[in-house]
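Undergrad: Enclosed is the structure file protein_27.txt (compact mmCIF, C-alpha atoms and all ligand atoms).
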```txt
# COMPACT_ATOMS: atom_id res chain seq x y z
CA MET C 1 49.96 259.13 36.78
CA ARG C 2 51.86 255.87 36.64
CA ILE C 3 53.00 255.27 33.07
CA VAL C 4 53.86 251.64 32.33
CA LEU C 5 55.65 251.12 29.02
CA HIS C 6 55.56 247.80 27.19
CA ASP C 7 57.33 246.79 23.98
CA THR C 8 54.28 245.11 22.53
CA ALA C 9 50.51 245.48 22.60
CA GLU C 10 50.28 241.90 23.92
CA ALA C 11 52.40 242.80 26.94
CA ALA C 12 50.36 245.96 27.64
CA ARG C 13 47.13 243.93 27.47
CA ALA C 14 48.55 241.20 29.70
CA PHE C 15 49.41 243.90 32.25
CA ALA C 16 45.81 245.15 32.15
CA VAL C 17 44.40 241.63 32.53
CA ALA C 18 46.70 240.97 35.50
CA ARG C 19 45.67 244.23 37.19
CA ILE C 20 41.95 243.54 36.82
CA ALA C 21 42.35 239.92 37.94
CA ALA C 22 44.40 241.02 40.96
CA THR C 23 41.72 243.55 41.92
CA LEU C 24 39.06 240.85 41.81
CA ALA C 25 41.21 238.27 43.60
CA ALA C 26 41.91 240.73 46.43
CA LYS C 27 38.29 241.88 46.63
CA PRO C 28 35.83 239.32 45.20
CA ASP C 29 32.91 241.78 45.53
CA ALA C 30 34.79 244.53 43.67
CA VAL C 31 32.93 247.04 41.54
CA LEU C 32 34.55 247.03 38.11
CA GLY C 33 34.14 249.80 35.53
CA LEU C 34 34.32 248.31 32.04
CA ALA C 35 34.90 249.64 28.53
CA THR C 36 34.20 248.32 25.03
CA GLY C 37 36.01 248.74 21.71
CA GLY C 38 38.72 246.86 19.84
CA THR C 39 41.40 247.47 22.48
CA MET C 40 39.41 245.60 25.12
CA GLU C 41 38.58 242.44 23.18
CA PRO C 42 41.88 240.65 24.00
CA VAL C 43 41.63 241.93 27.60
CA TYR C 44 38.32 240.14 28.00
CA GLU C 45 39.80 237.03 26.38
CA GLY C 46 42.46 237.16 29.08
CA LEU C 47 39.85 237.54 31.83
CA ILE C 48 37.89 234.58 30.46
CA ALA C 49 41.10 232.53 30.59
CA ALA C 50 41.65 233.70 34.19
CA HIS C 51 38.07 232.64 34.99
CA ARG C 52 38.80 229.16 33.59
CA ASP C 53 41.78 229.09 35.94
CA GLY C 54 39.52 229.83 38.90
CA LEU C 55 38.88 233.59 39.03
CA SER C 56 35.25 234.17 40.01
CA PHE C 57 33.11 237.13 38.95
CA ALA C 58 30.10 235.89 40.93
CA ARG C 59 30.27 238.58 43.63
CA ALA C 60 31.53 241.39 41.38
CA THR C 61 29.37 244.23 40.10
CA THR C 62 30.12 245.92 36.79
CA PHE C 63 29.35 249.31 35.28
CA ASN C 64 30.03 249.91 31.60
CA LEU C 65 30.92 253.35 30.35
CA ASP C 66 28.47 253.85 27.55
CA GLU C 67 25.75 252.71 25.16
CA TYR C 68 24.56 253.96 21.79
CA VAL C 69 21.30 255.92 21.87
CA GLY C 70 18.63 254.10 19.89
CA LEU C 71 20.02 250.58 20.27
CA ALA C 72 18.19 248.11 22.50
CA GLY C 73 20.34 245.78 24.59
CA ASP C 74 19.77 242.89 22.19
CA HIS C 75 20.78 244.86 19.07
CA PRO C 76 23.87 243.17 17.53
CA GLN C 77 25.93 246.38 17.76
CA SER C 78 24.79 247.43 21.24
CA TYR C 79 27.44 247.48 23.91
CA ARG C 80 25.26 245.11 25.98
CA THR C 81 25.62 242.57 23.15
CA TYR C 82 29.37 243.33 22.92
CA MET C 83 29.79 242.65 26.65
CA ARG C 84 27.74 239.45 26.55
CA HIS C 85 29.70 238.21 23.57
CA HIS C 86 33.18 239.18 24.84
CA LEU C 87 32.81 238.59 28.59
CA PHE C 88 29.52 238.16 30.41
CA ASP C 89 28.37 234.95 28.67
CA HIS C 90 31.72 233.30 29.45
CA VAL C 91 32.11 234.05 33.17
CA ASP C 92 30.01 233.48 36.30
CA ILE C 93 28.43 236.92 36.59
CA ALA C 94 24.65 237.32 36.90
CA ALA C 95 23.12 239.77 34.41
CA ALA C 96 21.52 241.65 37.32
CA ARG C 97 24.99 242.65 38.58
CA THR C 98 25.99 244.16 35.21
CA HIS C 99 25.02 247.77 34.49
CA ILE C 100 25.13 249.44 31.10
CA PRO C 101 23.22 252.63 30.29
CA ARG C 102 20.06 251.80 28.34
CA GLY C 103 20.01 252.96 24.75
CA ASP C 104 16.35 252.21 24.10
CA ILE C 105 14.68 254.66 26.51
CA ASP C 106 14.77 258.43 26.95
CA PRO C 107 18.52 259.23 27.33
CA ALA C 108 17.96 261.51 30.34
CA GLU C 109 16.07 258.71 32.09
CA ALA C 110 18.74 256.16 31.14
CA ALA C 111 21.45 258.46 32.51
CA ALA C 112 19.58 259.12 35.77
CA ALA C 113 18.94 255.38 36.30
CA PHE C 114 22.61 254.60 35.65
CA GLU C 115 23.84 257.27 38.10
CA ALA C 116 21.36 256.02 40.72
CA ALA C 117 22.60 252.43 40.32
CA LEU C 118 26.19 253.63 40.61
CA ALA C 119 25.39 255.65 43.73
CA ALA C 120 23.78 252.54 45.26
CA SER C 121 26.61 250.08 44.45
CA GLY C 122 29.66 252.25 43.91
CA PRO C 123 32.16 253.70 43.99
CA VAL C 124 33.91 251.81 41.21
CA ASP C 125 37.05 250.10 42.59
CA LEU C 126 38.85 249.93 39.25
CA GLN C 127 37.70 251.70 36.10
CA LEU C 128 39.09 250.35 32.84
CA LEU C 129 39.37 252.95 30.07
CA GLY C 130 40.30 252.87 26.40
CA LEU C 131 41.27 256.06 24.64
CA GLY C 132 39.74 257.60 21.52
CA HIS C 133 41.96 259.02 18.78
CA ASN C 134 40.62 262.45 19.73
CA GLY C 135 41.32 261.94 23.43
CA HIS C 136 37.81 260.83 24.41
CA ILE C 137 37.22 258.57 27.41
CA GLY C 138 33.90 256.78 27.45
CA PHE C 139 32.09 258.85 24.84
CA ASN C 140 33.12 262.14 26.42
CA GLU C 141 34.10 263.85 23.20
CA PRO C 142 36.23 267.03 23.04
CA SER C 143 34.33 269.94 24.63
CA SER C 144 32.84 267.68 27.32
CA SER C 145 32.67 269.32 30.72
CA LEU C 146 35.43 267.96 32.90
CA ALA C 147 32.84 267.78 35.71
CA SER C 148 30.16 266.08 33.61
CA ARG C 149 27.85 263.34 34.87
CA THR C 150 26.29 260.50 32.87
CA ARG C 151 24.34 262.02 29.98
CA GLU C 152 23.74 261.94 26.25
CA LYS C 153 26.68 263.13 24.12
CA THR C 154 26.75 263.71 20.39
CA LEU C 155 29.47 261.62 18.76
CA THR C 156 32.04 263.34 16.56
CA ARG C 157 32.28 262.40 12.93
CA SER C 158 35.75 260.91 13.57
CA THR C 159 34.42 258.66 16.35
CA ARG C 160 31.53 257.48 14.17
CA GLU C 161 34.00 256.77 11.35
CA ALA C 162 36.36 254.91 13.70
CA ASN C 163 33.48 252.77 15.00
CA ALA C 164 31.86 252.14 11.60
CA ARG C 165 34.05 249.01 11.39
CA PHE C 166 31.86 247.33 14.01
CA PHE C 167 28.70 247.90 11.93
CA GLY C 168 27.56 245.98 8.87
CA ALA C 169 27.64 247.21 5.27
CA GLY C 170 25.12 250.01 4.80
CA GLU C 171 24.79 250.56 8.57
CA THR C 172 26.24 253.56 10.39
CA PRO C 173 26.86 254.11 14.08
CA PRO C 174 24.21 256.16 15.91
CA HIS C 175 24.80 259.91 16.28
CA SER C 176 24.84 259.91 20.07
CA ALA C 177 25.50 257.80 23.12
CA VAL C 178 24.70 257.85 26.84
CA THR C 179 28.08 257.96 28.52
CA MET C 180 29.38 258.03 32.05
CA GLY C 181 30.55 261.63 32.62
CA ILE C 182 34.12 262.69 33.27
CA GLY C 183 33.16 263.77 36.80
CA THR C 184 31.56 260.33 37.28
CA ILE C 185 34.68 258.54 36.01
CA LEU C 186 36.90 260.60 38.31
CA GLU C 187 34.97 259.28 41.34
CA SER C 188 36.39 255.79 40.72
CA ARG C 189 38.87 254.67 43.36
CA ALA C 190 41.46 253.71 40.75
CA ILE C 191 41.65 254.01 36.97
CA LEU C 192 43.49 251.87 34.43
CA VAL C 193 43.91 253.21 30.89
CA LEU C 194 45.01 250.87 28.12
CA ALA C 195 46.11 252.33 24.77
CA VAL C 196 47.97 250.49 22.04
CA GLY C 197 49.07 251.41 18.53
CA ALA C 198 50.68 254.45 16.95
CA ALA C 199 47.27 255.88 16.02
CA LYS C 200 46.74 256.64 19.73
CA ALA C 201 50.12 258.35 20.28
CA GLY C 202 48.81 261.92 19.94
CA ALA C 203 45.91 261.29 22.30
CA VAL C 204 48.25 259.61 24.80
CA ARG C 205 50.53 262.61 24.78
CA GLY C 206 47.57 264.94 25.34
CA MET C 207 46.32 262.76 28.20
CA VAL C 208 49.64 262.43 30.00
CA GLU C 209 51.61 265.58 29.18
CA GLY C 210 49.17 268.04 27.70
CA PRO C 211 47.38 270.77 29.60
CA VAL C 212 44.17 269.77 31.37
CA THR C 213 41.64 270.78 28.76
CA ALA C 214 38.24 269.81 27.39
CA ARG C 215 39.99 269.65 23.98
CA CYS C 216 41.49 266.35 25.21
CA PRO C 217 38.98 264.91 27.71
CA ALA C 218 41.43 262.23 28.91
CA SER C 219 43.69 265.00 30.22
CA ALA C 220 41.19 265.33 33.11
CA LEU C 221 42.70 262.08 34.44
CA GLN C 222 45.70 264.16 35.54
CA MET C 223 43.44 265.37 38.37
CA HIS C 224 42.93 261.83 39.73
CA PRO C 225 45.31 260.45 42.40
CA ASP C 226 45.43 256.81 41.23
CA VAL C 227 45.70 256.44 37.45
CA THR C 228 47.81 253.76 35.73
CA VAL C 229 48.40 254.02 31.99
CA ALA C 230 49.52 250.86 30.16
CA LEU C 231 51.01 251.53 26.71
CA ASP C 232 52.80 249.72 23.93
CA ALA C 233 55.71 251.31 22.07
CA GLY C 234 53.46 252.75 19.34
CA ALA C 235 51.07 254.48 21.74
CA ALA C 236 54.02 255.83 23.79
CA ALA C 237 55.91 257.16 20.76
CA GLU C 238 55.11 260.85 21.25
CA LEU C 239 55.77 261.08 24.99
CA GLU C 240 58.46 263.68 25.69
CA LEU C 241 59.31 262.42 29.16
CA ILE C 242 59.48 258.76 28.19
CA ASP C 243 62.92 258.23 29.80
CA HIS C 244 61.59 259.50 33.10
CA TYR C 245 58.62 257.10 33.00
CA ARG C 246 60.98 254.22 32.28
CA GLU C 247 63.25 255.16 35.17
CA ALA C 248 60.32 255.56 37.57
CA GLU C 249 59.05 252.05 36.71
CA GLU C 250 62.55 250.60 37.03
CA LEU C 251 62.88 252.11 40.50
CA ARG C 252 59.44 250.78 41.42
CA ARG C 253 60.42 247.27 40.24
CA ARG C 254 63.65 247.38 42.24
CA ARG C 255 61.80 248.48 45.39
CA GLU C 256 59.20 245.74 44.96
CA ALA C 257 61.96 243.15 44.47
CA ASP C 258 63.74 244.39 47.61
CA ALA C 259 60.52 244.25 49.61
CA ALA C 260 59.68 240.71 48.43
C1 LIG C 301 33.92 252.37 24.63
C2 LIG C 301 34.70 253.53 25.04
C3 LIG C 301 35.59 254.26 24.10
C4 LIG C 301 36.72 253.39 23.56
C5 LIG C 301 37.61 254.19 22.62
C6 LIG C 301 38.72 253.36 22.02
O1 LIG C 301 33.20 251.85 25.73
O2 LIG C 301 34.55 253.88 26.14
O3 LIG C 301 36.14 255.36 24.78
O4 LIG C 301 37.50 252.91 24.63
O5 LIG C 301 36.80 254.72 21.59
O6 LIG C 301 38.17 252.40 21.16
P1 LIG C 301 39.07 251.29 20.48
O7 LIG C 301 39.57 250.43 21.55
O8 LIG C 301 38.12 250.57 19.55
O9 LIG C 301 40.16 252.02 19.76
```
Output the structure of this file as structure tokens.
Ligand code: F6R
TA:
Amino acid sequence: MRIVLHDTAEAARAFAVARIAATLAAKPDAVLGLATGGTMEPVYEGLIAAHRDGLSFARATTFNLDEYVGLAGDHPQSYRTYMRHHLFDHVDIAAARTHIPRGDIDPAEAAAAFEAALAASGPVDLQLLGLGHNGHIGFNEPSSSLASRTREKTLTRSTREANARFFGAGETPPHSAVTMGIGTILESRAILVLAVGAAKAGAVRGMVEGPVTARCPASALQMHPDVTVALDAGAAAELELIDHYREAEELRRRREADAA
């Protein structure tokens, strides 16, 4: 894993935006894996700004990680609505090139259709991931099989509580979601994890330095050959080997400067 430490959340997000934009600039028909949640909102703002500066999404294809079971795509809290609001309606991507599991049909059917679409257009060139407080990636909650495929997963109480902020008064998040599996995520060519804030520090430590275990689903990323983790100081606070990560990045920067 490449661990990139930033002083601020803004800098970590800018790094993520630059990486995604560079992927698309180098390969205009790239397949992008996208995530939702609070962490990603400023990332999409950055991508919209890059689009205004000329970055085109017209030939890209996107696959989102997950969708709540029971919510149709036009429901205000669906992840389809989130993606339209935060990205798709502001860039030049056709809806037909954007894939999000359907929440309004039988979850097994939605999962099979999503995996089939991914098999037809994939693999994902760059998968963007946020990180749950409990170490989830997508909605692969603790106890998820590390080889899992897209399927329905029951959400933990803590995830439903964390996401209640996106729902209106009196509304609660659904009890389950269709999520890309961990095995599915690991088939991406490259993975970029963005985590900011001290509340994520324990999960970050589990992901980067913990044992590979279903207790912390993100720890499965240790098995992937091309994972970059962008962190702010809060999210990095519990890393034991933080000096080593800093030195490795410094060396990388020096080599890149020498090569330029
Ligand atoms: C959502 C997703 C989740 C979030 C995670 C962090 O598509 O895949 O894994 O990335 O729950 O959410 P925030 O960014 O709201 O803390």
Undergrad: Hey, which residues sit close to ligand LIG 301 (chain C)? Say within 7 Å, counting all atoms listed in the file, and write them as a list in words.
TA: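 Answer in the requested format: Ala35, Thr36, Gly37, Gly38, Thr39, Met40, Asn64, Leu65, Asp66, Leu129, Gly130, Leu131, Gly132, His136, Ile137, Gly138, Phe139, Thr159 and Asn163 of chain C.
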Undergrad: Using all atoms listed in the file, pick whichever of C:Ala237, C:Asp232, C:Arg252, C:Asn140 has the shortest atom-to-atom distance to Glu10 in chain C.
TA: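 Distance minimum relative to Glu10 in chain C lands on C:Asp232.
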Undergrad: Which residues of range 58-130 of chain C have any atom within 12 Å of an atom in range 181-192 of chain C when counting only C-alpha atoms, and what is the closest pair of atoms for each, with the distance in Å to one decimal? Order the rows by chain and rising number and write it as a tab-separated table.
TA:
```
residue	atom	partner	partner_atom	distance
C:Phe63	CA	C:Ile185	CA	10.7
C:Asn64	CA	C:Ile185	CA	10.7
C:Leu65	CA	C:Ile185	CA	8.6
C:Asp66	CA	C:Gly181	CA	9.5
C:Pro101	CA	C:Gly181	CA	11.8
C:Ala111	CA	C:Gly181	CA	9.6
C:Ala112	CA	C:Gly181	CA	11.7
C:Phe114	CA	C:Thr184	CA	10.8
C:Glu115	CA	C:Thr184	CA	8.3
C:Ala116	CA	C:Thr184	CA	11.6
C:Leu118	CA	C:Thr184	CA	9.2
C:Ala119	CA	C:Thr184	CA	10.1
C:Ser121	CA	C:Ser188	CA	11.9
C:Gly122	CA	C:Ser188	CA	8.2
C:Pro123	CA	C:Ser188	CA	5.7
C:Val124	CA	C:Ser188	CA	4.7
C:Asp125	CA	C:Arg189	CA	5.0
C:Leu126	CA	C:Ala190	CA	4.8
C:Gln127	CA	C:Ile191	CA	4.7
C:Leu128	CA	C:Leu192	CA	4.9
C:Leu129	CA	C:Leu192	CA	6.1
C:Gly130	CA	C:Leu192	CA	8.7
```
Undergrad: One decimal, in Å: what's the spacing between CA of Val193 in chain C and CA of Val229 in chain C?
TA: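 One can read the CA of Val193 in chain C to CA of Val229 in chain C distance as 4.7 Å.
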Undergrad: Quick check, in Å to one decimal: how far apart do CA of Ala201 in chain C and CA of Gly135 in chain C lie?
TA: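 Separating CA of Ala201 in chain C from CA of Gly135 in chain C is a distance of 10.0 Å.
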Undergrad: Take range 36-63 of chain C from the block and save it with N, CA and C atoms, as a compact mmCIF listing (two decimals), in the first residue's frame.
TA:
```txt
# COMPACT_ATOMS: atom_id res chain seq x y z
N THR C 36 -20.00 6.95 -2.52
CA THR C 36 -20.84 8.06 -2.05
C THR C 36 -20.41 8.41 -0.63
N GLY C 37 -21.22 9.18 0.07
CA GLY C 37 -20.90 9.54 1.46
C GLY C 37 -20.33 10.95 1.56
N GLY C 38 -20.22 11.42 2.80
CA GLY C 38 -19.78 12.79 3.05
C GLY C 38 -18.36 13.06 2.57
N THR C 39 -17.48 12.07 2.71
CA THR C 39 -16.08 12.25 2.31
C THR C 39 -15.96 12.62 0.83
N MET C 40 -16.86 12.06 0.02
CA MET C 40 -16.71 12.21 -1.44
C MET C 40 -17.31 13.50 -1.98
N GLU C 41 -18.15 14.17 -1.21
CA GLU C 41 -18.82 15.35 -1.77
C GLU C 41 -17.83 16.39 -2.28
N PRO C 42 -16.81 16.78 -1.49
CA PRO C 42 -15.83 17.75 -2.01
C PRO C 42 -14.99 17.19 -3.17
N VAL C 43 -14.82 15.87 -3.20
CA VAL C 43 -14.07 15.26 -4.32
C VAL C 43 -14.84 15.50 -5.62
N TYR C 44 -16.15 15.28 -5.56
CA TYR C 44 -16.95 15.50 -6.77
C TYR C 44 -17.00 16.98 -7.14
N GLU C 45 -17.00 17.84 -6.13
CA GLU C 45 -16.91 19.29 -6.44
C GLU C 45 -15.64 19.57 -7.23
N GLY C 46 -14.55 18.95 -6.80
CA GLY C 46 -13.27 19.13 -7.48
C GLY C 46 -13.31 18.60 -8.90
N LEU C 47 -13.99 17.46 -9.10
CA LEU C 47 -14.08 16.89 -10.45
C LEU C 47 -14.95 17.76 -11.36
N ILE C 48 -15.99 18.36 -10.77
CA ILE C 48 -16.84 19.26 -11.57
C ILE C 48 -16.01 20.48 -12.00
N ALA C 49 -15.18 20.98 -11.08
CA ALA C 49 -14.31 22.11 -11.43
C ALA C 49 -13.33 21.69 -12.54
N ALA C 50 -12.80 20.47 -12.44
CA ALA C 50 -11.88 19.99 -13.49
C ALA C 50 -12.61 19.87 -14.82
N HIS C 51 -13.88 19.45 -14.77
CA HIS C 51 -14.68 19.36 -16.00
C HIS C 51 -14.83 20.75 -16.63
N ARG C 52 -15.09 21.75 -15.77
CA ARG C 52 -15.23 23.13 -16.31
C ARG C 52 -13.93 23.58 -16.97
N ASP C 53 -12.82 23.03 -16.45
CA ASP C 53 -11.52 23.38 -17.04
C ASP C 53 -11.17 22.48 -18.23
N GLY C 54 -12.09 21.63 -18.66
CA GLY C 54 -11.86 20.88 -19.88
C GLY C 54 -11.83 19.36 -19.76
N LEU C 55 -11.87 18.82 -18.56
CA LEU C 55 -11.83 17.36 -18.40
C LEU C 55 -13.17 16.77 -18.84
N SER C 56 -13.11 15.82 -19.77
CA SER C 56 -14.36 15.23 -20.28
C SER C 56 -14.61 13.86 -19.67
N PHE C 57 -15.87 13.61 -19.33
CA PHE C 57 -16.32 12.30 -18.84
C PHE C 57 -17.10 11.56 -19.93
N ALA C 58 -17.16 12.12 -21.12
CA ALA C 58 -18.07 11.61 -22.15
C ALA C 58 -17.79 10.16 -22.53
N ARG C 59 -16.52 9.75 -22.48
CA ARG C 59 -16.21 8.36 -22.89
C ARG C 59 -15.98 7.45 -21.70
N ALA C 60 -16.08 8.01 -20.49
CA ALA C 60 -15.87 7.19 -19.28
C ALA C 60 -17.10 6.34 -19.00
N THR C 61 -16.88 5.28 -18.24
CA THR C 61 -17.97 4.45 -17.72
C THR C 61 -17.80 4.42 -16.22
N THR C 62 -18.90 4.46 -15.48
CA THR C 62 -18.76 4.45 -14.02
C THR C 62 -19.57 3.32 -13.39
N PHE C 63 -19.02 2.81 -12.30
CA PHE C 63 -19.71 1.80 -11.48
C PHE C 63 -19.67 2.27 -10.04
```
